[in-house]
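Visitor: Quick one: this structure, given as structure tokens, is what I'll be asking you about.
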Amino acid sequence: MVARTGAEGTDTMSQVASPVLEGPSAITLDKVNKWYGTLHVLRDISMTVAARERVVVCGPSGSGKSTMIRCINRLEIHQEGRIIVDGTELTDDLRSLDTIRREVGMVFQSFNLFPHLTILENCTLAPIWVRKMPKAEAEELAMSYLSRVKIPEQARKYPGQLSGGQQQRVAIARALCMKPKIMLFDEPTSALDPEMIKEVLDTMIELAESGMTMVCVTHEMGFARQVAHRVVFMDRGEIVESGSPKRMFEDPQTDRLKLFLSQILRGH
Amino acid sequence: MSDAVADPRTAGARLAPKRRLRLSWSDPIFRSIVWQVIIVGLVVAVAWYLIGNTNRNLAARHIATGFAFLDRVAGIPIGESLLPYNPAVSTYGRALLIGILNTLEVSAIGVVLATILGTLIGIGRLSANWLLARLTAFYVETVRDIPLLLQLLFWYTILQGLPGPRQALHLSHIAFLSNRGLKLPELIWHPAHTGAVIAFIVGAIGTRLWVLRARVRQDATGARPATWPVALALLVGLPLVVWAAMGAPFQWDLPAMRGFNFRGGGTVSPEFFALLLGLVVYTAAYIAEIVRSGIQAVPLGQWEAGTALGLGRGPILRRIVLPQALRVIIPPMTSQYLNLTKNSSLAVAIGFQDVVSLANTTLNQTGQAIEGIAYIMAVYLTISLSISLFMNWYNARIALVER
Amino acid sequence: MGDTAVTVGTIEPVARSRPPPGIVGPWAWARANLFNSWLSTAITLALVYIILRLAVSLVDWAFVHAIWHVPYSDKGVPDTSSCQRAKGIGACWAVIADKYRLILFGRYPYDEQWRPAICVALFIGLYVVSAMRRFWRKELVLIWIGTLTVIGVLMWGGVFGLTPVSEDYWGGLPITLILATFGLAFAFPLAILVALGRRSTSMPAVRMLCVLYVELIRGVPLISVLFMASVMFPLFMPAGVNIDKLLRAQIAFILFAGAYLAEVVRGGLQALPKGQAEAGEALGLTYWQKTGLIILPQALRLVIPPLVNTFIGFFKDTSLVLIIGLFDLLTMGKVALSDPPWLSFATEVYIALAIVYTAFCFAMSKYSRGLERELGRAHRR
């Protein structure tokens with residue numbers, strides 16, 4: 001793979017991308033490497049996400065994109081390299097971990113709502129126990145976010161009574177209740193029926209427009225086009241190519257990206 | 001194109017760097033080490049305290065420690081044993097060994113009988129005949145609601161309430177049931193019979209080889225030669241020939257009434273019989289449930305798919321349904337076998353001398369309680385470990401390969 | 001009729017026709033379920049014959065020819081000659097009439113036997129309350145602690161004007177219930193800790209300890225654990241400290257139950273999707289917050305049916321204290337039989353005991369099955 005520089009600050013394999021947005025960086029990954037035993041799943045990942053920037057990460061399954069994003073809030077542990085989130089470096093220091101997890105919110109592919117708690121309790125759990133908020137204040141906060149994702153009337157119901165799209169929107173509200181500075185999305189719409197994908201994407205678009213820093217692993221290219229500042233393509237553990245959505249989709253430079261695009265766009 | 005190159009992630013060119021321990025409370029590994037030291041330390045401290053007390057108490061009561069008592073003469077009368085035993089001469093070690101054999105004997109026979117009975121009842125539960133299904137359900141439910149010890153006492157009472165040998169119940173005068181036990185005709189063992197048994201084993205191995213050969217033939221040409229004639233010849237014919245060649249002895253020792261009791265024949269004592277009966281009836285109820293749920297666990301679609309492919313009932317059962325059902329049945333079944341073996345320890349309540357009963361007598365006579373109980377636990381742990389190992393091996397072998 | 005268009009909105013209801021005779025009704029049912037094949041018919045006939053024979057002789061023995069009372073001499077000694085004569089023909093239920101208080105309450109002082117009776121009722125009430133779903137909240141723990149304390153006070157006495165009764169005199173059904181219930185109550189927290197410890201990836205020493213404990217206890221029969229408790233515990237204590245027999249047996253049960261319950265809880269922990277723990281971690285919860293607020297409430301709810309089944313097993317296992325000489329329900333039955341006039345009527349006593357055990361165990365197992373069905377239904381969305 002030959003190194004190329006394009007007009008819009010594109011990068012090639014494993015080079016640090018010049019972020020499209022200027023400003024303090026929210027997330028910095030510097031030569032991050034991760035192994036599962038002898039399997040080298042993240043290879044020299046270097047990337048910077050600026051504050052208020054929105055990055056979409058895509059790639060074939062098994063490329064390490066979920067692993068990378070889960071390293072950012074330390075659900076997975078990297079063995080080499082540095083990850084700096086909101087000015088704090090992610091090490092095995094438990095105190096730094098607590099600080100970081102408060103500022104980083106995560107939305108999972110399988111929602112992971114707590115089925116034994118009501119929607120409202122799902123949202124107030126962490127503010128009460130981690131941020132030590134009084135219950136009334138937490139509930140008010142939760143209701144405001146539930147209104148923002150447009151399902152305030154479901155507050156007293158249980159997750160099992162909601163549709164998939166509604167559950168995922170609750171998951172987004174739950175993460176937002178911790179008032180994070182960064183939101184991570186790990187394939188948020190992959191487990192949804194097609195008719196519910198739009199409502200979740202709309203919620204994410206509204207969140208984006210409010211200026212949240214977002215790193216999103218997804219196959220929804222329409223969403224990427226509309227909202228992302230930058231698209232990063234990963235394959236086999238490394239960043240292959242990255243750039244603006246327009247440039248990536250219309251003028252892919254590497255063969256691997258071309259192959260990937262042909263595979264996912266075939267269905268449309 | 002990129003597939004032609006080996007996946008760089010598995011090439012192993014670089015390996016993960018080692019991690020250094022930081023001596024700080026915020027290092028999770030340091031924290032876990034500290035916790036482990038504390039918890040293990042607490043356990044060790046408590047154990048130390050208890051052991052110290054024990055040693056002091058044993059010394060104060062002048063009780064010996066160690067297993068030297070195994071070589072002393074036991075003086076325990078043992079009702080039935082598989083090995084020669086003389087109370088005046090045999091040691092504790094031998095007595096306990098006989099106890100182990102008694103336990104294994106009743107457990108092995110119990111397991112076989114319980115499996116047969118349990119399987120029949122389990123299949124009966126699934127019967128289309130409403131009466132049979134309800135009756136077996138009633139049996140399973142009732143037996144599982146009453147403590148095993150109570151059932152054992154009940155059977156023992158019934159057996160002791162049977163008439164004496166003179167009025168014993170009989171089966172055409174060759175088998176007798178009385179309050180002194182069950183008397184059966186016993187085959188007088190002759191070397192010819194040993195020869196026949198060996199011939200059977202050889203025949204079984206030969207049959208297996210022949211079936212393998214038949215399968216190789218089938219893979220190659222599609223035609224499967226009939227295996228049953230050869231199997232018959234090897235499993236039945238060969239032992240018969242050996243037996244006949246060595247004199248064809250077929251003598252039975254029949255029990256006959258002499259005086260107040262029977263002489264001759266084989267005896268099954270009331271204690272053994274009651275224990276066996278109780279264990280079999282109790283465990284069969286649990287096995288019935290296991291078999292039933294195992295058969296029901298195979299989805300109906302499997303039968304339908306097999307039928308749609310044109311397979312007959314036999315092949316469907318053998319190759320499709322049974323392998324799947326056995327996967328579900330075997331683990332809980334082995335656990336029930338283990339339960340039966342452990343439950344045989346209740347023999348001490350009705351006077352059958354298994355290892356627990358004999359070890360109990362031993363520790364009462366020698367005063368060495370700890371060694372006695374340790375002995376019991378060691379025996380049962382060995383048995384259950386062997387069964388667990390077998391289970392793990394079997395599970396790994398038959399596990400469905402999943403993504 | 002063939003060409004006219006169907007008018008939307010006026011669909012004629014289909015005239016209901018009766019199914020042909022022979023498809024529904026009792027005869028049809030019998031044909032389908034009892035006589036659907038030659039084999040089935042044969043089985044039905046054979047079973048009906050056997051059942052009728054057995055039922056008739058059972059009713060005959062248990063009711064028609066049974067002796068319900070025996071006369072007593074002036075000194076209160078029962079004259080059981082009528083029972084002896086009826087042996088084999090009629091049951092001697094008089095033994096129950098004579099001995100039921102001994103069997104149920106042991107050697108508890110006769111006048112104070114209302115106290116263990118109330119305790120039995122309290123135990124049953126506790127089980128019933130715990131079974132009702134609307135009580136499955138944290139308050140249930142308080143209800144348990146409260147009820148068990150009241151039971152302790154009632155049985156021991158010494159306060160509130162109650163005559164003190166030492167535990168040497170306790171016996172019968174209360175002992176069975178105490179061993180089972182207190183065993184479960186104390187074994188449960190132990191089991192949760194052991195199950196969590198066994199799944200710990202960061203503390204291998206703790207995991208090994210938990211594995212050793214569970215495999216050791218599950219590999220040996222309960223008898224040996226009871227022997228260990230009754231014979232070895234006195235050796236463990238410093239000289240002069242005496243542990244009462246009931247306490248020794250109770251500790252043995254707690255240790256035994258803890259190992260089996262730990263396996264049940266572990267099954268629940270394993271069944272929970274990993275994402276639940278991850279969501280908790282992503283929100284910033286600590287290990288204990290995550291375990292207590294998210295993991296355990298769900299895992300424990302998942303394993304309630306196997307939990308109830310394990311409890312039924314313990315309830316039956318309490319009968320083993322016969323072998324170490326503690327006076328539970330079964331032991332009291334045997335003690336009652338050692339009275340010379342009643343020596344030969346063991347069958348009747350055992351049947352009565354079986355009825356008591358069945359009453360408890362059947363109710364619990366029916367509840368557990370119903371629960372399994374209900375929970376299975378709730379999970380399917």
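As shown in the structure tokens, the chain order sets the letters A, B, ...; within each chain, residues go from 1, and ligands are also counted from 1 in the order they appear.
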Output the contact residues of chain A with respect to chain B at a cut-off of 9 Å, based on only C-alpha atoms, as a ChimeraX atom specification.
Guide: /A:33-43,79-80,92-96,236-237,255-256
Visitor: How would the residues just chosen look if you wrote them out with N, CA, C and O atoms as a PDB file, in the first residue's frame?
Guide:
ATOM      1  N   ASN A  33      -1.423  -1.324  20.347  1.00  0.00           N
ATOM      2  CA  ASN A  33      -1.373  -2.732  19.932  1.00  0.00           C
ATOM      3  C   ASN A  33      -2.097  -3.589  20.948  1.00  0.00           C
ATOM      4  O   ASN A  33      -2.006  -3.339  22.151  1.00  0.00           O
ATOM      5  N   LYS A  34      -2.831  -4.595  20.441  1.00  0.00           N
ATOM      6  CA  LYS A  34      -3.491  -5.519  21.361  1.00  0.00           C
ATOM      7  C   LYS A  34      -3.367  -6.926  20.823  1.00  0.00           C
ATOM      8  O   LYS A  34      -3.474  -7.173  19.628  1.00  0.00           O
ATOM      9  N   TRP A  35      -3.145  -7.852  21.754  1.00  0.00           N
ATOM     10  CA  TRP A  35      -3.069  -9.261  21.417  1.00  0.00           C
ATOM     11  C   TRP A  35      -4.121 -10.039  22.173  1.00  0.00           C
ATOM     12  O   TRP A  35      -4.390  -9.778  23.337  1.00  0.00           O
ATOM     13  N   TYR A  36      -4.715 -11.032  21.525  1.00  0.00           N
ATOM     14  CA  TYR A  36      -5.459 -12.064  22.248  1.00  0.00           C
ATOM     15  C   TYR A  36      -4.567 -13.291  22.216  1.00  0.00           C
ATOM     16  O   TYR A  36      -4.525 -14.017  21.242  1.00  0.00           O
ATOM     17  N   GLY A  37      -3.814 -13.500  23.292  1.00  0.00           N
ATOM     18  CA  GLY A  37      -2.857 -14.605  23.243  1.00  0.00           C
ATOM     19  C   GLY A  37      -1.798 -14.273  22.231  1.00  0.00           C
ATOM     20  O   GLY A  37      -1.071 -13.287  22.376  1.00  0.00           O
ATOM     21  N   THR A  38      -1.668 -15.072  21.170  1.00  0.00           N
ATOM     22  CA  THR A  38      -0.693 -14.742  20.130  1.00  0.00           C
ATOM     23  C   THR A  38      -1.341 -14.048  18.935  1.00  0.00           C
ATOM     24  O   THR A  38      -0.660 -13.671  17.987  1.00  0.00           O
ATOM     25  N   LEU A  39      -2.660 -13.885  18.975  1.00  0.00           N
ATOM     26  CA  LEU A  39      -3.335 -13.242  17.856  1.00  0.00           C
ATOM     27  C   LEU A  39      -3.237 -11.735  18.010  1.00  0.00           C
ATOM     28  O   LEU A  39      -3.720 -11.155  18.968  1.00  0.00           O
ATOM     29  N   HIS A  40      -2.625 -11.093  17.028  1.00  0.00           N
ATOM     30  CA  HIS A  40      -2.329  -9.678  17.097  1.00  0.00           C
ATOM     31  C   HIS A  40      -3.513  -8.929  16.513  1.00  0.00           C
ATOM     32  O   HIS A  40      -3.575  -8.696  15.311  1.00  0.00           O
ATOM     33  N   VAL A  41      -4.489  -8.529  17.318  1.00  0.00           N
ATOM     34  CA  VAL A  41      -5.743  -8.028  16.770  1.00  0.00           C
ATOM     35  C   VAL A  41      -5.733  -6.526  16.483  1.00  0.00           C
ATOM     36  O   VAL A  41      -6.505  -6.052  15.657  1.00  0.00           O
ATOM     37  N   LEU A  42      -4.937  -5.750  17.171  1.00  0.00           N
ATOM     38  CA  LEU A  42      -4.823  -4.325  16.844  1.00  0.00           C
ATOM     39  C   LEU A  42      -3.346  -4.048  16.565  1.00  0.00           C
ATOM     40  O   LEU A  42      -2.504  -4.305  17.431  1.00  0.00           O
ATOM     41  N   ARG A  43      -3.074  -3.551  15.387  1.00  0.00           N
ATOM     42  CA  ARG A  43      -1.670  -3.399  15.005  1.00  0.00           C
ATOM     43  C   ARG A  43      -1.349  -1.933  14.753  1.00  0.00           C
ATOM     44  O   ARG A  43      -1.771  -1.367  13.753  1.00  0.00           O
ATOM     45  N   GLN A  79      -2.199  -3.748  25.192  1.00  0.00           N
ATOM     46  CA  GLN A  79      -0.922  -4.106  25.834  1.00  0.00           C
ATOM     47  C   GLN A  79       0.212  -3.176  25.488  1.00  0.00           C
ATOM     48  O   GLN A  79       1.195  -3.113  26.214  1.00  0.00           O
ATOM     49  N   GLU A  80       0.075  -2.451  24.375  1.00  0.00           N
ATOM     50  CA  GLU A  80       1.179  -1.580  23.979  1.00  0.00           C
ATOM     51  C   GLU A  80       0.596  -0.310  23.388  1.00  0.00           C
ATOM     52  O   GLU A  80      -0.485  -0.335  22.785  1.00  0.00           O
ATOM     53  N   ASP A  92      -3.338   0.953  33.679  1.00  0.00           N
ATOM     54  CA  ASP A  92      -4.037   0.044  34.582  1.00  0.00           C
ATOM     55  C   ASP A  92      -4.239   0.664  35.944  1.00  0.00           C
ATOM     56  O   ASP A  92      -4.477  -0.026  36.926  1.00  0.00           O
ATOM     57  N   ASP A  93      -4.144   1.980  36.007  1.00  0.00           N
ATOM     58  CA  ASP A  93      -4.416   2.685  37.255  1.00  0.00           C
ATOM     59  C   ASP A  93      -5.919   2.812  37.415  1.00  0.00           C
ATOM     60  O   ASP A  93      -6.596   3.389  36.578  1.00  0.00           O
ATOM     61  N   LEU A  94      -6.443   2.251  38.494  1.00  0.00           N
ATOM     62  CA  LEU A  94      -7.895   2.195  38.636  1.00  0.00           C
ATOM     63  C   LEU A  94      -8.512   3.578  38.827  1.00  0.00           C
ATOM     64  O   LEU A  94      -9.642   3.806  38.450  1.00  0.00           O
ATOM     65  N   ARG A  95      -7.767   4.490  39.409  1.00  0.00           N
ATOM     66  CA  ARG A  95      -8.344   5.823  39.621  1.00  0.00           C
ATOM     67  C   ARG A  95      -8.583   6.528  38.289  1.00  0.00           C
ATOM     68  O   ARG A  95      -9.628   7.152  38.081  1.00  0.00           O
ATOM     69  N   SER A  96      -7.608   6.423  37.384  1.00  0.00           N
ATOM     70  CA  SER A  96      -7.784   7.079  36.090  1.00  0.00           C
ATOM     71  C   SER A  96      -8.954   6.443  35.357  1.00  0.00           C
ATOM     72  O   SER A  96      -9.690   7.112  34.637  1.00  0.00           O
ATOM     73  N   ARG A 236      -8.257  -6.085   9.190  1.00  0.00           N
ATOM     74  CA  ARG A 236      -7.244  -6.967   9.779  1.00  0.00           C
ATOM     75  C   ARG A 236      -6.372  -6.254  10.794  1.00  0.00           C
ATOM     76  O   ARG A 236      -5.158  -6.369  10.791  1.00  0.00           O
ATOM     77  N   GLY A 237      -7.021  -5.487  11.663  1.00  0.00           N
ATOM     78  CA  GLY A 237      -6.305  -4.946  12.803  1.00  0.00           C
ATOM     79  C   GLY A 237      -5.596  -3.640  12.570  1.00  0.00           C
ATOM     80  O   GLY A 237      -4.942  -3.130  13.471  1.00  0.00           O
ATOM     81  N   ASP A 255      -7.209  -0.828  -2.566  1.00  0.00           N
ATOM     82  CA  ASP A 255      -7.992  -1.951  -3.088  1.00  0.00           C
ATOM     83  C   ASP A 255      -8.909  -2.546  -2.026  1.00  0.00           C
ATOM     84  O   ASP A 255     -10.017  -2.963  -2.301  1.00  0.00           O
ATOM     85  N   ARG A 256      -8.385  -2.592  -0.781  1.00  0.00           N
ATOM     86  CA  ARG A 256      -9.172  -3.216   0.275  1.00  0.00           C
ATOM     87  C   ARG A 256     -10.462  -2.436   0.519  1.00  0.00           C
ATOM     88  O   ARG A 256     -11.530  -3.005   0.719  1.00  0.00           O
TER      89      ARG A 256
END
Visitor: Give me the chain A side of the contact with chain C, cut-off 9 Å, one line per residue showing its nearest atom pair and distance in Å at one decimal, counting only C-alpha atoms, sorted by chain and residue number, as CSV.
Guide:
residue,atom,partner,partner_atom,distance
A:Asn73,CA,C:Ala282,CA,6.9
A:Arg74,CA,C:Ala282,CA,8.5
A:Leu75,CA,C:Glu278,CA,7.1
A:Leu97,CA,C:Gly284,CA,8.5
A:Asp98,CA,C:Gly284,CA,6.2
A:Thr99,CA,C:Gly284,CA,8.6
A:Ile100,CA,C:Gly284,CA,8.6
A:Arg101,CA,C:Gly284,CA,5.3
A:Arg102,CA,C:Gly284,CA,5.9
A:Val104,CA,C:Ala282,CA,7.9
A:Gly105,CA,C:Ala282,CA,6.9
A:Met106,CA,C:Ala282,CA,6.4
A:Val107,CA,C:Ala279,CA,8.4
A:Phe108,CA,C:Ala279,CA,7.9
A:Ser110,CA,C:Gly275,CA,7.6
A:Phe111,CA,C:Gly275,CA,8.3
A:Asn112,CA,C:Gln276,CA,5.5
A:Leu113,CA,C:Gln276,CA,7.3
A:Phe114,CA,C:Gln276,CA,6.8
A:Pro115,CA,C:Gln298,CA,8.0
A:His116,CA,C:Gln298,CA,6.7
A:Leu117,CA,C:Ile294,CA,8.9
A:Leu125,CA,C:Leu293,CA,8.7
A:Ala126,CA,C:Leu283,CA,6.1
A:Pro127,CA,C:Leu283,CA,8.9
A:Trp129,CA,C:Leu285,CA,7.3
A:Val130,CA,C:Leu285,CA,6.3
A:Gly160,CA,C:Arg381,CA,7.0
A:Gln161,CA,C:Arg381,CA,8.0
A:Arg174,CA,C:Leu283,CA,8.8
A:Ala175,CA,C:Leu283,CA,7.1
A:Met178,CA,C:Leu283,CA,7.7
Visitor: I need the residue nearest chain C from this list: B:Ile205, B:Met391, B:Val379, B:Ile198. Use only C-alpha atoms for the distance.
Guide: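 Closest candidate: B:Val379.
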Visitor: Taking only residues of chain C that have an atom at most 7 Å from an atom of chain B, what is each one's shortest atom pair and its distance in Å to one decimal, using only C-alpha atoms, in chain and number order, as a tab-separated table?
Guide:
residue	atom	partner	partner_atom	distance
C:Asn33	CA	B:Asn129	CA	5.1
C:Leu34	CA	B:Asn129	CA	5.1
C:Ser40	CA	B:Asn129	CA	6.0
C:Thr44	CA	B:Leu131	CA	6.6
C:Ser202	CA	B:Ser32	CA	6.3
C:Met203	CA	B:Ser32	CA	5.8
C:Ala205	CA	B:Gln36	CA	6.2
C:Val206	CA	B:Gln36	CA	6.2
C:Gly219	CA	B:Leu381	CA	5.1
C:Val220	CA	B:Tyr380	CA	5.4
C:Pro221	CA	B:Lys342	CA	4.9
C:Ser224	CA	B:Ile373	CA	6.6
C:Met228	CA	B:Ile373	CA	6.5
C:Val231	CA	B:Ala369	CA	6.6
C:Met232	CA	B:Ile370	CA	6.7
C:Leu235	CA	B:Thr54	CA	4.9
C:Phe236	CA	B:Leu50	CA	4.9
C:Met237	CA	B:Asn53	CA	6.0
C:Pro238	CA	B:Asn53	CA	5.4
C:Ala239	CA	B:Asn57	CA	6.7
C:Lys316	CA	B:Pro147	CA	4.8
C:Asp317	CA	B:Pro147	CA	6.8
C:Ser319	CA	B:Leu149	CA	6.9
C:Leu320	CA	B:Leu149	CA	7.0
C:Ile323	CA	B:Ala349	CA	6.5
C:Thr347	CA	B:Phe154	CA	6.7
C:Tyr350	CA	B:Phe154	CA	6.5
C:Ala354	CA	B:Ile146	CA	5.9
C:Tyr357	CA	B:Ile146	CA	6.0
C:Thr358	CA	B:Asp145	CA	5.1
C:Cys361	CA	B:Asp145	CA	5.2
C:Phe362	CA	B:Asp145	CA	6.1
Visitor: Step one, run DSSP on the backbone; step two, keep only residues of region 60-160 of chain A assigned to helix (DSSP H, G or I); then write them as an MDAnalysis selection string.
Guide: chainID A and resid 65:72 94:103 119:129 135:148 152:154 159:160
Visitor: Using only C-alpha atoms, which residue out of A:Met183, A:Thr213, A:Met143, A:Glu103 lies closest to Thr88 (chain A)?
Guide: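 Looking only at the distances to Thr88 (chain A), the closest residue turns out to be A:Glu103.
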Visitor: Any idea what's packed within 7 Å of Val265 (chain C), counting only C-alpha atoms, ignoring anything in its chain fewer than 4 positions away? Could you give it as a ChimeraX atom specification?
Guide: /C:192,195,261,269,300,303
Visitor: Given the choices A:Leu162, A:Ile264, A:Val56, A:Cys216, which gets closest to Pro245 (chain A) if the distance is worked out from only C-alpha atoms?
Guide: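 Nearest candidate to Pro245 (chain A) out of A:Leu162, A:Ile264, A:Val56, A:Cys216: A:Val56.
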Visitor: May I have the residues within 10 Å of Met248 (chain A) as a list of chain:residue names, using only C-alpha atoms and disregarding those fewer than 4 positions away in the same chain?
Guide: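 Final neighbour list, sorted by chain and number: A:Thr10, A:Arg225, A:Arg230, A:Val231, A:Val232, A:Phe233, A:Glu241, A:Ser242, A:Gly243, A:Ser244, A:Pro252, A:Gln253, A:Thr254, A:Leu257, A:Lys258, A:Leu261.
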